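J.: Just one file: entry_39.cif, with mmCIF, C-alpha atoms.
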```cif
data_my_file
#
loop_
_atom_site.label_atom_id
_atom_site.label_comp_id
_atom_site.auth_asym_id
_atom_site.auth_seq_id
_atom_site.Cartn_x
_atom_site.Cartn_y
_atom_site.Cartn_z
CA MET A 29 -16.39 -16.42 39.14
CA GLN A 30 -12.96 -14.84 39.42
CA ARG A 31 -10.57 -16.66 41.75
CA LYS A 32 -9.48 -14.67 44.76
CA ILE A 33 -5.80 -14.61 45.68
CA ASN A 34 -4.25 -13.58 48.95
CA VAL A 35 -1.59 -11.33 47.46
CA VAL A 36 0.05 -10.68 50.82
CA ALA A 37 0.48 -14.42 51.39
CA LEU A 38 1.83 -14.85 47.86
CA VAL A 39 4.52 -12.21 48.45
CA ALA A 40 5.29 -13.66 51.89
CA GLY A 41 5.70 -17.17 50.45
CA VAL A 42 8.02 -16.00 47.68
CA LEU A 43 10.13 -13.94 50.09
CA THR A 44 10.35 -16.89 52.49
CA LEU A 45 11.96 -19.00 49.76
CA VAL A 46 14.20 -16.07 48.77
CA LEU A 47 15.24 -15.69 52.41
CA ILE A 48 16.25 -19.35 52.59
CA ALA A 49 18.32 -19.05 49.41
CA VAL A 50 20.23 -15.92 50.45
CA SER A 51 20.76 -17.23 53.99
CA MET A 52 22.74 -20.13 52.55
CA PHE A 53 25.39 -17.65 51.39
CA VAL A 54 24.99 -14.59 53.63
CA PRO A 55 24.74 -15.36 57.37
CA TRP A 56 22.32 -13.55 59.63
CA TRP A 57 25.03 -12.99 62.23
CA GLN A 58 28.80 -13.03 61.94
CA PHE A 59 31.42 -12.91 64.69
CA THR A 60 35.16 -12.49 64.13
CA VAL A 61 37.97 -12.69 66.68
CA GLY A 62 41.25 -10.91 65.90
CA ASP A 63 42.55 -8.87 62.99
CA PRO A 64 43.56 -10.84 61.00
CA ALA A 65 40.93 -13.33 62.07
CA ILE A 66 41.96 -16.22 64.28
CA ALA A 67 38.40 -17.43 64.81
CA GLN A 68 35.17 -16.79 62.95
CA MET A 69 31.57 -17.84 63.37
CA SER A 70 28.78 -17.34 60.85
CA LEU A 71 25.26 -18.30 61.82
CA SER A 72 21.75 -18.38 60.43
CA PRO A 73 18.78 -20.72 60.97
CA VAL A 74 19.66 -22.66 57.80
CA THR A 75 23.46 -22.83 57.94
CA TYR A 76 26.47 -22.26 60.14
CA ASN A 77 30.22 -21.96 59.75
CA LEU A 78 32.79 -22.16 62.54
CA ALA A 79 36.51 -21.74 61.83
CA LEU A 80 39.49 -21.64 64.18
CA PHE A 81 42.93 -20.68 62.82
CA GLY A 82 41.59 -21.26 59.32
CA LYS A 83 40.35 -24.78 60.09
CA ILE A 84 36.65 -25.53 59.66
CA LEU A 85 35.08 -27.15 62.69
CA THR A 86 32.01 -29.35 62.26
CA MET A 87 29.31 -29.85 64.87
CA PRO A 88 26.83 -32.61 63.91
CA LEU A 89 24.14 -31.42 66.33
CA VAL A 90 24.19 -27.86 65.00
CA TYR A 91 24.19 -29.18 61.44
CA ALA A 92 21.12 -31.31 62.16
CA LEU A 93 19.32 -28.35 63.74
CA THR A 94 20.03 -26.03 60.81
CA LEU A 95 18.99 -28.72 58.31
CA GLY A 96 15.71 -29.24 60.14
CA SER A 97 15.16 -25.49 60.27
CA MET A 98 15.78 -25.17 56.53
CA LEU A 99 13.30 -27.95 55.72
CA THR A 100 10.70 -26.44 58.03
CA LEU A 101 11.08 -22.97 56.52
CA THR A 102 10.91 -24.40 53.01
CA ALA A 103 7.71 -26.26 53.84
CA GLY A 104 6.26 -23.08 55.31
CA GLY A 105 7.09 -21.04 52.20
CA VAL A 106 5.67 -23.63 49.79
CA ILE A 107 2.48 -24.01 51.82
CA MET A 108 2.05 -20.23 51.92
CA LEU A 109 2.23 -20.21 48.11
CA ILE A 110 -0.36 -23.00 47.85
CA TYR A 111 -2.66 -21.23 50.29
CA SER A 112 -2.30 -17.88 48.51
CA VAL A 113 -3.92 -19.19 45.31
CA PHE A 114 -6.57 -21.27 47.14
CA PRO A 115 -7.56 -19.03 50.08
CA ASN A 116 -11.22 -20.05 50.12
CA ARG A 117 -11.01 -23.82 50.31
CA SER A 118 -12.11 -25.74 53.37
CA TYR A 119 -8.50 -26.53 54.25
CA SER A 120 -7.11 -23.05 53.52
CA LYS A 121 -7.13 -21.86 57.11
CA GLN A 122 -5.17 -24.92 58.21
CA LEU A 123 -2.57 -24.30 55.48
CA LEU A 124 -2.24 -20.68 56.51
CA GLY A 125 -2.00 -21.61 60.18
CA PHE A 126 0.93 -23.90 59.41
CA GLY A 127 2.75 -21.67 56.94
CA TYR A 128 2.65 -18.18 58.40
CA LYS A 129 4.20 -19.17 61.74
CA LYS A 130 7.42 -20.64 60.37
CA PRO A 131 9.37 -17.42 59.60
CA LEU A 132 8.15 -15.93 62.88
CA TYR A 133 9.40 -18.95 64.82
CA ALA A 134 12.74 -18.77 62.99
CA VAL A 135 13.25 -15.12 63.99
CA ILE A 136 12.23 -15.74 67.61
CA LEU A 137 14.38 -18.85 68.05
CA PHE A 138 17.36 -17.21 66.36
CA GLY A 139 17.04 -14.22 68.68
CA ILE A 140 16.85 -16.50 71.72
CA ALA A 141 19.94 -18.43 70.57
CA LEU A 142 21.85 -15.19 70.02
CA LEU A 143 20.94 -13.84 73.45
CA ALA A 144 21.82 -17.18 75.07
CA LEU A 145 25.23 -17.08 73.39
CA TYR A 146 25.78 -13.50 74.52
CA PHE A 147 24.81 -14.06 78.16
CA SER A 148 26.67 -17.35 78.48
CA ALA A 149 29.86 -15.84 77.03
CA THR A 150 29.56 -12.68 79.13
CA TYR A 151 28.50 -14.01 82.50
CA LEU A 152 29.82 -17.57 82.43
CA GLY A 153 32.91 -17.20 80.28
CA GLY A 154 33.79 -13.64 81.25
CA MET A 155 34.21 -12.64 77.60
CA ASN A 156 32.88 -9.57 75.85
CA VAL A 157 30.92 -10.81 72.86
CA PRO A 158 29.02 -7.91 71.28
CA ILE A 159 25.86 -8.77 69.37
CA ASN A 160 26.43 -6.03 66.82
CA GLY A 161 29.53 -3.87 66.50
CA PRO A 162 33.20 -3.85 67.52
CA GLY A 163 34.64 -4.71 70.90
CA THR A 164 37.55 -6.25 72.75
CA MET A 165 37.74 -9.64 74.36
CA GLY A 166 40.16 -10.60 77.10
CA LEU A 167 41.89 -13.98 76.87
CA PRO A 168 43.80 -15.30 79.90
CA GLU A 169 47.34 -16.45 79.24
CA ALA A 170 49.83 -17.98 81.67
CA ILE A 171 53.52 -17.10 81.39
CA GLY A 172 55.43 -19.07 83.99
CA ASP A 173 53.76 -18.50 87.33
CA VAL A 174 52.34 -15.14 86.30
CA GLY A 175 48.92 -14.79 84.75
CA VAL A 176 48.55 -11.99 82.24
CA GLY A 177 45.62 -10.83 80.19
CA VAL A 178 45.66 -10.62 76.43
CA SER A 179 43.06 -8.50 74.66
CA VAL A 180 42.03 -9.08 71.08
CA LYS A 181 39.71 -7.14 68.84
CA VAL A 182 36.36 -8.68 68.04
CA GLN A 183 33.74 -7.67 65.52
CA SER A 184 30.17 -8.87 65.13
CA SER A 185 27.46 -7.86 62.71
CA LEU A 186 23.81 -8.55 62.07
CA ASN A 187 23.63 -8.79 58.30
CA TRP A 188 20.80 -7.76 56.01
CA PRO A 189 19.16 -11.23 55.74
CA PHE A 190 18.31 -10.93 59.45
CA TYR A 191 16.35 -7.74 58.80
CA LEU A 192 14.76 -9.36 55.74
CA SER A 193 13.59 -12.19 57.99
CA ILE A 194 11.83 -9.69 60.25
CA ALA A 195 10.07 -8.20 57.22
CA VAL A 196 9.05 -11.68 56.01
CA ALA A 197 7.67 -12.58 59.45
CA ALA A 198 5.68 -9.32 59.49
CA LEU A 199 4.29 -10.09 56.02
CA CYS A 200 3.22 -13.56 57.15
CA ILE A 201 1.35 -12.06 60.09
CA ALA A 202 -0.26 -9.53 57.72
CA ALA A 203 -1.31 -12.41 55.45
CA ARG A 204 -3.03 -14.05 58.40
CA ILE A 205 -4.93 -10.83 59.12
CA TYR A 206 -5.76 -10.29 55.43
CA HIS A 207 -7.23 -13.80 55.24
CA ARG A 208 -10.53 -12.49 56.56
CA LYS A 209 -10.91 -10.11 53.62
CA VAL A 210 -10.36 -12.71 50.92
CA GLN A 211 -12.82 -15.24 52.31
CA GLU A 212 -15.93 -15.55 50.18
CA LYS A 213 -19.20 -14.56 51.79
CA PRO A 214 -21.72 -17.40 51.88
CA VAL A 215 -24.51 -17.11 49.31
CA THR A 216 -27.92 -16.70 50.93
CA GLN A 217 -30.52 -18.86 49.23
CA MET A 218 -34.13 -17.64 48.98
CA ASN A 219 -36.64 -20.04 50.51
CA LEU A 220 -39.77 -19.59 48.40
CA GLY A 221 -41.75 -21.66 50.87
CA ALA A 222 -41.19 -19.17 53.68
CA PRO A 223 -44.28 -17.29 54.95
CA GLN A 224 -43.09 -13.90 53.68
CA TYR A 225 -43.07 -15.23 50.10
CA GLN A 226 -46.33 -17.22 50.15
CA ASN A 227 -48.64 -14.18 49.75
CA MET A 228 -46.67 -12.60 46.95
CA PRO A 229 -48.64 -12.27 43.67
CA PRO A 230 -47.52 -14.48 40.81
CA PRO A 231 -45.47 -12.88 38.06
CA PRO A 232 -47.50 -11.40 35.17
CA PRO A 233 -48.02 -13.70 32.16
CA THR A 234 -45.80 -13.12 29.21
#
```
Turn this file's structure into structure tokens for me.
T.:
Amino acid sequence: MQRKINVVALVAGVLTLVLIAVSMFVPWWQFTVGDPAIAQMSLSPVTYNLALFGKILTMPLVYALTLGSMLTLTAGGVIMLIYSVFPNRSYSKQLLGFGYKKPLYAVILFGIALLALYFSATYLGGMNVPINGPGTMGLPEAIGDVGVGVSVKVQSSLNWPFYLSIAVAALCIAARIYHRKVQEKPVTQMNLGAPQYQNMPPPPPT
């Protein structure tokens, strides 16, 4: 019997691992203050980079969160690959249930973090931090007893790995839906002792 493969899950698993690899080098979201840049932030679920006046700033908590996210996404991608070639085993549904949610959770949590950063900077810090596109941000500066405002240009961008992550999450959901089509139908065994078969004539002699 030919082995069935969930092709959608196979593609989703491969693209999940590809997404992790490219996200290490190309951030999902990038924010730059000033031209030339005086501050820069690059962020994705698997890595982050924060620089101020050319100096790299480290945040152990953020590093731990991105490391945990990378390991979780990697586990999800590997498990999706394992499930894709064994979609009809007794444990296949559990593998799929674990694997397909991970890219979706990454996109949702990243979106929540981005919105939280935007609203906290806008309404608590009084700064204009655009999610995508150019803008200006006012910085207060005191000169003697007079307070003046200084405006600097800011630029933010959602890079292509973010849109790839949405496509990967959609593929994982499609793999979950497609799971029903690759499941083997149970074989119905004929019970020769059943009443409907007892009165059947014997086969002709050969």
J.: Contacts of region 133-148 of chain A at 10 Å or less, counting only C-alpha atoms, minus same-chain residues fewer than 5 places along, as number ranges by chain?
T.: A: 56-57, 71-74, 97-98, 100-101, 128, 153-159, 190-191, 193-194, 196-197
J.: Could you name the residues that touch Ala40 (chain A) at 12 Å or less, counting all atoms listed in the file, but leaving out those on the same chain fewer than 2 positions away, as an NGL selection string?
T.: :A and (34-38 or 42-47 or 101 or 104-112 or 124 or 127-132 or 192-204)
J.: So that I have them on file, write out the residues from the current selection with C-alpha atoms, as an mmCIF file, keeping the file's coordinate frame.
T.:
```cif
data_model
loop_
_atom_site.group_PDB
_atom_site.id
_atom_site.type_symbol
_atom_site.label_atom_id
_atom_site.label_comp_id
_atom_site.auth_asym_id
_atom_site.auth_seq_id
_atom_site.Cartn_x
_atom_site.Cartn_y
_atom_site.Cartn_z
ATOM 1 C CA ASN A 34 -4.250 -13.580 48.950
ATOM 2 C CA VAL A 35 -1.590 -11.330 47.460
ATOM 3 C CA VAL A 36 0.050 -10.680 50.820
ATOM 4 C CA ALA A 37 0.480 -14.420 51.390
ATOM 5 C CA LEU A 38 1.830 -14.850 47.860
ATOM 6 C CA VAL A 42 8.020 -16.000 47.680
ATOM 7 C CA LEU A 43 10.130 -13.940 50.090
ATOM 8 C CA THR A 44 10.350 -16.890 52.490
ATOM 9 C CA LEU A 45 11.960 -19.000 49.760
ATOM 10 C CA VAL A 46 14.200 -16.070 48.770
ATOM 11 C CA LEU A 47 15.240 -15.690 52.410
ATOM 12 C CA LEU A 101 11.080 -22.970 56.520
ATOM 13 C CA GLY A 104 6.260 -23.080 55.310
ATOM 14 C CA GLY A 105 7.090 -21.040 52.200
ATOM 15 C CA VAL A 106 5.670 -23.630 49.790
ATOM 16 C CA ILE A 107 2.480 -24.010 51.820
ATOM 17 C CA MET A 108 2.050 -20.230 51.920
ATOM 18 C CA LEU A 109 2.230 -20.210 48.110
ATOM 19 C CA ILE A 110 -0.360 -23.000 47.850
ATOM 20 C CA TYR A 111 -2.660 -21.230 50.290
ATOM 21 C CA SER A 112 -2.300 -17.880 48.510
ATOM 22 C CA LEU A 124 -2.240 -20.680 56.510
ATOM 23 C CA GLY A 127 2.750 -21.670 56.940
ATOM 24 C CA TYR A 128 2.650 -18.180 58.400
ATOM 25 C CA LYS A 129 4.200 -19.170 61.740
ATOM 26 C CA LYS A 130 7.420 -20.640 60.370
ATOM 27 C CA PRO A 131 9.370 -17.420 59.600
ATOM 28 C CA LEU A 132 8.150 -15.930 62.880
ATOM 29 C CA LEU A 192 14.760 -9.360 55.740
ATOM 30 C CA SER A 193 13.590 -12.190 57.990
ATOM 31 C CA ILE A 194 11.830 -9.690 60.250
ATOM 32 C CA ALA A 195 10.070 -8.200 57.220
ATOM 33 C CA VAL A 196 9.050 -11.680 56.010
ATOM 34 C CA ALA A 197 7.670 -12.580 59.450
ATOM 35 C CA ALA A 198 5.680 -9.320 59.490
ATOM 36 C CA LEU A 199 4.290 -10.090 56.020
ATOM 37 C CA CYS A 200 3.220 -13.560 57.150
ATOM 38 C CA ILE A 201 1.350 -12.060 60.090
ATOM 39 C CA ALA A 202 -0.260 -9.530 57.720
ATOM 40 C CA ALA A 203 -1.310 -12.410 55.450
ATOM 41 C CA ARG A 204 -3.030 -14.050 58.400
#
```
J.: Please, what distance in Å, to one decimal, runs between CA of Thr164 (chain A) and CA of Asp63 (chain A)?
T.: 11.3 Å
J.: Take CA of Val90 (chain A) and CA of Ser70 (chain A) and report the distance between them in Å, one decimal.
T.: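 Separation between CA of Val90 (chain A) and CA of Ser70 (chain A): 12.2 Å.
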J.: Could you tell me, as a list of chain:residue names, exactly which residues end up selected when the PyMOL selection byres ((chain A and resi 115) around 10) is applied to this structure?
T.: A:Arg31, A:Lys32, A:Ile33, A:Asn34, A:Ala37, A:Met108, A:Ile110, A:Tyr111, A:Ser112, A:Val113, A:Phe114, A:Asn116, A:Arg117, A:Ser118, A:Tyr119, A:Ser120, A:Lys121, A:Leu123, A:Leu124, A:His207, A:Arg208, A:Val210, A:Gln211, A:Glu212
J.: The PyMOL selection byres ((chain A and resi 183) around 6) on the file shown: which residues, as a list in words?
T.: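 The output of the PyMOL selection byres ((chain A and resi 183) around 6) on this file is Phe59, Thr60, Gly161, Pro162, Val182 and Ser184 of chain A.
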J.: What is the CA of Val50 (chain A)-CA of Asn160 (chain A) distance in Å, reported with one decimal?
T.: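 Here the two named atoms are 20.1 Å from each other.
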J.: Using 6 Å of padding on each side, determine the axis-aligned box around all atoms of region 108-118 of chain A present in the file and give its centre and edge lengths in Å to one decimal, as lines of an AutoDock Vina configuration file.
T.:
```
center_x = -4.9
center_y = -21.8
center_z = 49.3
size_x = 26.3
size_y = 19.9
size_z = 20.1
```
J.: Residues within 10 Å of Leu80 (chain A), please, as a PDB file with C-alpha atoms, in the frame of the given file. Count all atoms listed in the file; anything in the same chain fewer than 4 positions from it doesn't count.
T.:
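result.pdb written:
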```pdb
ATOM      1  CA  VAL A  61      37.970 -12.690  66.680  1.00  0.00           C
ATOM      2  CA  ALA A  65      40.930 -13.330  62.070  1.00  0.00           C
ATOM      3  CA  ILE A  66      41.960 -16.220  64.280  1.00  0.00           C
ATOM      4  CA  ALA A  67      38.400 -17.430  64.810  1.00  0.00           C
ATOM      5  CA  GLN A  68      35.170 -16.790  62.950  1.00  0.00           C
ATOM      6  CA  MET A  69      31.570 -17.840  63.370  1.00  0.00           C
ATOM      7  CA  ILE A  84      36.650 -25.530  59.660  1.00  0.00           C
ATOM      8  CA  LEU A  85      35.080 -27.150  62.690  1.00  0.00           C
TER       9      LEU A  85
END
```
J.: Point out the residue among A:Met52, A:Met165, A:Leu95, A:Leu89 with the least atom-to-atom distance to Val178 (chain A), counting all atoms listed in the file.
T.: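 Of A:Met52, A:Met165, A:Leu95, A:Leu89, the one nearest Val178 (chain A) is A:Met165, counting all atoms listed in the file.
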J.: Could you add whatever atoms are missing so that region 188-201 of chain A carries N, CA and C atoms, then write the result as a compact mmCIF listing (two decimals), in the frame of the given file?
T.:
```txt
# COMPACT_ATOMS: atom_id res chain seq x y z
N TRP A 188 22.09 -8.14 56.55
CA TRP A 188 20.80 -7.76 56.01
C TRP A 188 19.79 -8.91 55.91
N PRO A 189 20.19 -10.18 55.73
CA PRO A 189 19.16 -11.23 55.74
C PRO A 189 18.39 -11.32 57.06
N PHE A 190 19.03 -10.93 58.17
CA PHE A 190 18.31 -10.93 59.45
C PHE A 190 17.16 -9.93 59.41
N TYR A 191 17.41 -8.74 58.87
CA TYR A 191 16.35 -7.74 58.80
C TYR A 191 15.30 -8.14 57.76
N LEU A 192 15.73 -8.82 56.70
CA LEU A 192 14.76 -9.36 55.74
C LEU A 192 13.86 -10.38 56.41
N SER A 193 14.41 -11.19 57.31
CA SER A 193 13.59 -12.19 57.99
C SER A 193 12.52 -11.54 58.86
N ILE A 194 12.83 -10.40 59.46
CA ILE A 194 11.83 -9.69 60.25
C ILE A 194 10.71 -9.19 59.35
N ALA A 195 11.08 -8.66 58.17
CA ALA A 195 10.07 -8.20 57.22
C ALA A 195 9.20 -9.35 56.72
N VAL A 196 9.81 -10.51 56.47
CA VAL A 196 9.05 -11.68 56.01
C VAL A 196 8.09 -12.14 57.09
N ALA A 197 8.55 -12.18 58.34
CA ALA A 197 7.67 -12.58 59.45
C ALA A 197 6.50 -11.62 59.58
N ALA A 198 6.76 -10.31 59.41
CA ALA A 198 5.68 -9.32 59.49
C ALA A 198 4.69 -9.51 58.35
N LEU A 199 5.18 -9.84 57.15
CA LEU A 199 4.29 -10.09 56.02
C LEU A 199 3.43 -11.32 56.25
N CYS A 200 4.00 -12.34 56.86
CA CYS A 200 3.22 -13.56 57.15
C CYS A 200 2.10 -13.26 58.14
N ILE A 201 2.39 -12.45 59.14
CA ILE A 201 1.35 -12.06 60.09
C ILE A 201 0.28 -11.23 59.38
```
